[in-house]
Amino acid sequence: MDDLRILLCSPEIAPYAKTGGLADMAAALPEALKELGCDIRLFMPLYHCARDKAVPLKPIAQQLPLLIGNRTYHCNLWETVSAAGIPVYLLEKEEFFDRDHLYGIHGKDYEDNAERYIAFCQAVFPLCSHLSWFPNILHLHDWQAALVSAYWFHNWRYDPAFSRTKTVFTIHNLAYQGIFPATHFALTHLPLHAFAMEGLEFWGNCNFLKAGVIYSDALTTVSPRYSQEIQRPEFGSGLDGLIKDRRDKLVGILNGADYKIWNPETDPLIPARYDARNLSGKAVCKKRLLAELGFPKTNVNYPLLGMITRLVPQKGLDLFREVLDQLLSLNVSVVVLGTGDPPIEQWLKAKAEQVPGKLQVHLKFDERLAHLIEAGADLFLMPSRFEPCGLNQMYSLRYGTIPVVHATGGLDDSIVDVMLNPQTGTGFKFYQYTAFDFLYTTRSALELFQAKEKWLKLQQRAMAEDFSWGRSARSYLDLYRKLLDQRPPE
Ligand code: ADP
């Protein structure tokens with residue numbers, strides 16, 4: 001079925017806008033689907049940061065009226081084409097999207113996020129009408145796109161152009177649900193009965209993500225393990241019961257890694273390239289990284305531990321904080337690149353000022369430095385409390401930078417524990433979410449680092465792992481096909 005038409009709606013898509021793994025996924029999956037013969041197109045807001053990348057822009061519609069609450073907003077729709085030749089449609093409304101950040105500032109969400117993403121979701125249907133192009137599949141990502149399912153169900157499925165469309169909703173992180181006061185429901189213009197248990201109502205509030213769970217034809221998460229975890233109260237963020245009820249339409253598909261961008265053999269952002277047969281380029285990258293960060297020259301003999309992450313509690317920073325002094329008492333260098341919650345940023349900055357020869361912290365979003373850390377570090381730490389998929393552990397494997405991970409979600413699905421499987425392992429896992437287990441496992445990794453031959457074999461196995469998008473894209477394609485073959489209920 002190579003005429004399959006898919007519109008992927010996501011609040012962020014690399015390289016136009018990115019705060020995390022969603023942007024990478026929303027860029028790479030379409031490329032893989034295109035290679036499989038699909039007519040895939042993308043839709044996202046035209047943020048400030050996208051303006052210089054989304055060029056040239058071709059107008060699709062001007063002054064499109066969108067009714068949100070009792071105000072009509074006039075928006076524009078534009079088209080650009082990605083480097084891979086995929087049409088990308090962008091919703092322009094300066095008042096909503098022409099800002100320095102995507103979702104909020106200084107750890108606080110923008111107050112009009114409900115309005116911003118209601119506009120985004122409403123615009124999907126007029127966009128298709130303006131294009132005279134009607135998708136078989138609407139593939140929606142995270143709470144910001146979830147209302148598309150509700151609009152389809154309540155308003156558009158009666159329209160012949162959309163009556164055979166199926167909706168797929170992918171949860172990248174159940175911890176972010178887009179919950180607003182009940183009064184915000186009126187902004188959506190959905191029928192009143194949609195504000196119910198079997199709708200957007202959630203403990204008296206209005207929950208946008210819940211619309212995706214209730215109204216979509218299929219639900220996916222970004223790893224099989226996470227699809228199981230979110231059916232339990234510890235990981236379900238209050239929606240575990242609902243998701244368990246809907247488990248027949250839920251599937252976990254592990255994200256892939258985009259090796260066109262994350263590959264030490266071709267990476268233009270690192271000072272020397274290397275592969276599993278010859279890792280001398282990795283040593284060059286380590287030297288450059290240490291020098292650039294201002295570590296003493298002698299640190300080149302010590303293991304370098306890297307972390308690239310949003311600085312939020314999910315990422316296990318409480319464990320990291322508990323073990324850091326003990327880690328720094330060893331002969332190691334540690335580098336953290338990240339942005340996030342102000343108290344975590346302040347703590348890290350203060351700590352790095354105390355021991356600059358051992359800990360360097362960069363509080364910014366920096367693609368180039370992220371690549372250099374992946375290439376130059378020896379170990380990569382991901383002690384996440386939970387991790388829907390996680391991409392950095394996959395990138396780390398490819399760069400021969402051995403991951404130390406908490407056995408949760410996609411981290412558990414993608415790393416084979418070398419302590420349990422000495423011949424086939426690719427990284428280190430700890431199973432109890434405790435500082436003791438994290439420290440013990442990191443120390444085991446540092447010990448193995450000294451056994452140079454074993455370490456090299458471990459690196460080579462890690463680098464040989466293949467998480468390319470082809471396999472995941474085929475799983476999505478199977479899912480789309482299965483949905484479209486389904487007859488509507490009699
Ligand atoms: P999440 O989506 O929860 O943030 P993932 O591991 O799935 O976590 O994806 C994170 C992505 O964002 C990776 O590509 C990572 O390199 C990137 N990233 C996170 N923080 C930064 C930063 N400060 N600078 C550069 N890249 C970053």
# chains A, B, ... in the order shown; residues from 1 in each chain; ligands from 1
call {"tool": "select_by_dssp", "arguments": {"residues": "stretch 194-264 of chain A", "states": "helix (DSSP H, G or I)", "output": "PyMOL selection string"}}
result
chain A and resi 194+208-215+224-229+240-245+247-249
call {"tool": "write_last_selection", "arguments": {"atoms": "N, CA, C and O atoms", "output": "mmCIF file, in the first residue's frame"}}
result
data_model
loop_
_atom_site.group_PDB
_atom_site.id
_atom_site.type_symbol
_atom_site.label_atom_id
_atom_site.label_comp_id
_atom_site.auth_asym_id
_atom_site.auth_seq_id
_atom_site.Cartn_x
_atom_site.Cartn_y
_atom_site.Cartn_z
ATOM 1 N N ALA A 194 -18.224 15.838 26.149
ATOM 2 C CA ALA A 194 -16.837 15.348 26.096
ATOM 3 C C ALA A 194 -16.090 15.668 27.394
ATOM 4 O O ALA A 194 -14.994 15.163 27.629
ATOM 5 N N PHE A 208 -5.688 17.177 28.321
ATOM 6 C CA PHE A 208 -5.600 17.055 26.858
ATOM 7 C C PHE A 208 -5.083 15.679 26.441
ATOM 8 O O PHE A 208 -5.564 15.086 25.487
ATOM 9 N N LEU A 209 -4.085 15.168 27.169
ATOM 10 C CA LEU A 209 -3.531 13.871 26.773
ATOM 11 C C LEU A 209 -4.587 12.784 26.808
ATOM 12 O O LEU A 209 -4.623 11.878 25.973
ATOM 13 N N LYS A 210 -5.496 12.913 27.785
ATOM 14 C CA LYS A 210 -6.538 11.904 27.950
ATOM 15 C C LYS A 210 -7.392 11.816 26.674
ATOM 16 O O LYS A 210 -7.863 10.725 26.319
ATOM 17 N N ALA A 211 -7.556 12.930 25.989
ATOM 18 C CA ALA A 211 -8.315 12.906 24.727
ATOM 19 C C ALA A 211 -7.653 11.961 23.737
ATOM 20 O O ALA A 211 -8.332 11.210 23.025
ATOM 21 N N GLY A 212 -6.325 11.985 23.707
ATOM 22 C CA GLY A 212 -5.597 11.084 22.800
ATOM 23 C C GLY A 212 -5.822 9.632 23.171
ATOM 24 O O GLY A 212 -5.978 8.769 22.297
ATOM 25 N N VAL A 213 -5.835 9.356 24.461
ATOM 26 C CA VAL A 213 -6.000 7.965 24.920
ATOM 27 C C VAL A 213 -7.418 7.469 24.619
ATOM 28 O O VAL A 213 -7.630 6.354 24.164
ATOM 29 N N ILE A 214 -8.408 8.334 24.863
ATOM 30 C CA ILE A 214 -9.807 7.915 24.725
ATOM 31 C C ILE A 214 -10.213 7.786 23.260
ATOM 32 O O ILE A 214 -10.835 6.808 22.866
ATOM 33 N N TYR A 215 -9.893 8.792 22.455
ATOM 34 C CA TYR A 215 -10.493 8.866 21.123
ATOM 35 C C TYR A 215 -9.662 8.252 20.000
ATOM 36 O O TYR A 215 -10.163 8.092 18.894
ATOM 37 N N PRO A 224 8.610 -1.123 24.386
ATOM 38 C CA PRO A 224 7.700 -2.158 24.911
ATOM 39 C C PRO A 224 7.636 -2.123 26.439
ATOM 40 O O PRO A 224 6.553 -2.230 27.025
ATOM 41 N N ARG A 225 8.792 -1.949 27.091
ATOM 42 C CA ARG A 225 8.813 -1.975 28.549
ATOM 43 C C ARG A 225 7.952 -0.836 29.126
ATOM 44 O O ARG A 225 7.205 -1.016 30.071
ATOM 45 N N TYR A 226 8.067 0.349 28.527
ATOM 46 C CA TYR A 226 7.301 1.494 29.029
ATOM 47 C C TYR A 226 5.803 1.266 28.825
ATOM 48 O O TYR A 226 4.987 1.701 29.639
ATOM 49 N N SER A 227 5.434 0.550 27.765
ATOM 50 C CA SER A 227 4.002 0.293 27.528
ATOM 51 C C SER A 227 3.435 -0.587 28.645
ATOM 52 O O SER A 227 2.252 -0.495 28.965
ATOM 53 N N GLN A 228 4.279 -1.420 29.246
ATOM 54 C CA GLN A 228 3.842 -2.208 30.401
ATOM 55 C C GLN A 228 3.847 -1.337 31.661
ATOM 56 O O GLN A 228 2.904 -1.363 32.457
ATOM 57 N N GLU A 229 4.912 -0.568 31.828
ATOM 58 C CA GLU A 229 5.074 0.227 33.060
ATOM 59 C C GLU A 229 3.922 1.208 33.276
ATOM 60 O O GLU A 229 3.470 1.391 34.401
ATOM 61 N N ASP A 240 -3.009 5.187 34.765
ATOM 62 C CA ASP A 240 -2.689 3.761 34.597
ATOM 63 C C ASP A 240 -3.952 2.914 34.420
ATOM 64 O O ASP A 240 -3.982 1.998 33.589
ATOM 65 N N GLY A 241 -5.011 3.231 35.186
ATOM 66 C CA GLY A 241 -6.243 2.449 35.093
ATOM 67 C C GLY A 241 -6.836 2.555 33.695
ATOM 68 O O GLY A 241 -7.186 1.544 33.071
ATOM 69 N N LEU A 242 -6.929 3.777 33.199
ATOM 70 C CA LEU A 242 -7.495 4.005 31.867
ATOM 71 C C LEU A 242 -6.664 3.298 30.802
ATOM 72 O O LEU A 242 -7.197 2.642 29.893
ATOM 73 N N ILE A 243 -5.350 3.408 30.933
ATOM 74 C CA ILE A 243 -4.480 2.812 29.914
ATOM 75 C C ILE A 243 -4.562 1.289 29.972
ATOM 76 O O ILE A 243 -4.581 0.614 28.950
ATOM 77 N N LYS A 244 -4.667 0.763 31.181
ATOM 78 C CA LYS A 244 -4.815 -0.690 31.321
ATOM 79 C C LYS A 244 -6.112 -1.150 30.628
ATOM 80 O O LYS A 244 -6.126 -2.157 29.915
ATOM 81 N N ASP A 245 -7.163 -0.386 30.829
ATOM 82 C CA ASP A 245 -8.437 -0.685 30.152
ATOM 83 C C ASP A 245 -8.284 -0.711 28.637
ATOM 84 O O ASP A 245 -8.986 -1.436 27.948
ATOM 85 N N ARG A 247 -5.584 -1.475 26.959
ATOM 86 C CA ARG A 247 -4.330 -2.128 26.589
ATOM 87 C C ARG A 247 -4.421 -2.902 25.269
ATOM 88 O O ARG A 247 -3.416 -3.120 24.606
ATOM 89 N N ASP A 248 -5.658 -3.258 24.845
ATOM 90 C CA ASP A 248 -5.797 -3.976 23.578
ATOM 91 C C ASP A 248 -5.406 -3.119 22.384
ATOM 92 O O ASP A 248 -5.066 -3.641 21.324
ATOM 93 N N LYS A 249 -5.494 -1.805 22.557
ATOM 94 C CA LYS A 249 -5.106 -0.966 21.414
ATOM 95 C C LYS A 249 -3.736 -0.292 21.638
ATOM 96 O O LYS A 249 -3.347 0.580 20.890
#
call {"tool": "select_by_dssp", "arguments": {"residues": "stretch 145-174 of chain A", "states": "strand (DSSP E)", "output": "compact mmCIF listing (two decimals) with N, CA, C and O atoms, in the first residue's frame"}}
result
# COMPACT_ATOMS: atom_id res chain seq x y z
N LYS A 166 -7.84 7.11 10.19
CA LYS A 166 -7.62 6.50 11.50
C LYS A 166 -6.61 7.35 12.27
O LYS A 166 -5.73 7.99 11.68
N THR A 167 -6.75 7.32 13.60
CA THR A 167 -5.86 8.14 14.43
C THR A 167 -4.96 7.25 15.29
O THR A 167 -5.42 6.29 15.89
N VAL A 168 -3.69 7.62 15.32
CA VAL A 168 -2.71 6.92 16.17
C VAL A 168 -2.12 7.96 17.10
O VAL A 168 -1.69 9.03 16.65
N PHE A 169 -2.12 7.65 18.39
CA PHE A 169 -1.59 8.60 19.37
C PHE A 169 -0.36 7.98 20.05
O PHE A 169 -0.45 6.89 20.61
N THR A 170 0.76 8.68 19.97
CA THR A 170 1.99 8.16 20.58
C THR A 170 2.31 8.96 21.85
O THR A 170 2.39 10.19 21.81
N ILE A 171 2.47 8.20 22.94
CA ILE A 171 2.84 8.82 24.22
C ILE A 171 4.35 8.75 24.37
O ILE A 171 4.92 7.66 24.48
call {"tool": "residues_near_ligand", "arguments": {"ligand": "ligand 1", "cutoff": "10 Å", "atoms": "only C-alpha atoms and all ligand atoms", "output": "VMD selection string"}}
result
chain A and resid 14 18 to 25 172 to 173 222 255 257 to 258 262 307 to 312 314 to 315 336 to 340 362 to 371 373 to 374 382 384 386 to 396 410 to 411
call {"tool": "atom_distance", "arguments": {"atom1": "atom CA of A:Glu95", "atom2": "atom CA of A:Leu140"}}
result
23.6 Å
call {"tool": "residues_around", "arguments": {"residues": "stretch 292-299 of chain A", "least_positions_apart": "4", "cutoff": "9 Å", "atoms": "only C-alpha atoms", "output": "list in words"}}
result
Lys287, Arg288, Pro303, Leu304, Asn331, Val332, Ser333, Val335, Pro356, Gly357, Lys358, Leu359, Gln360 and Val361 of chain A
call {"tool": "atom_distance", "arguments": {"atom1": "atom CA of A:Phe185", "atom2": "atom CA of A:Phe153"}}
result
16.2 Å
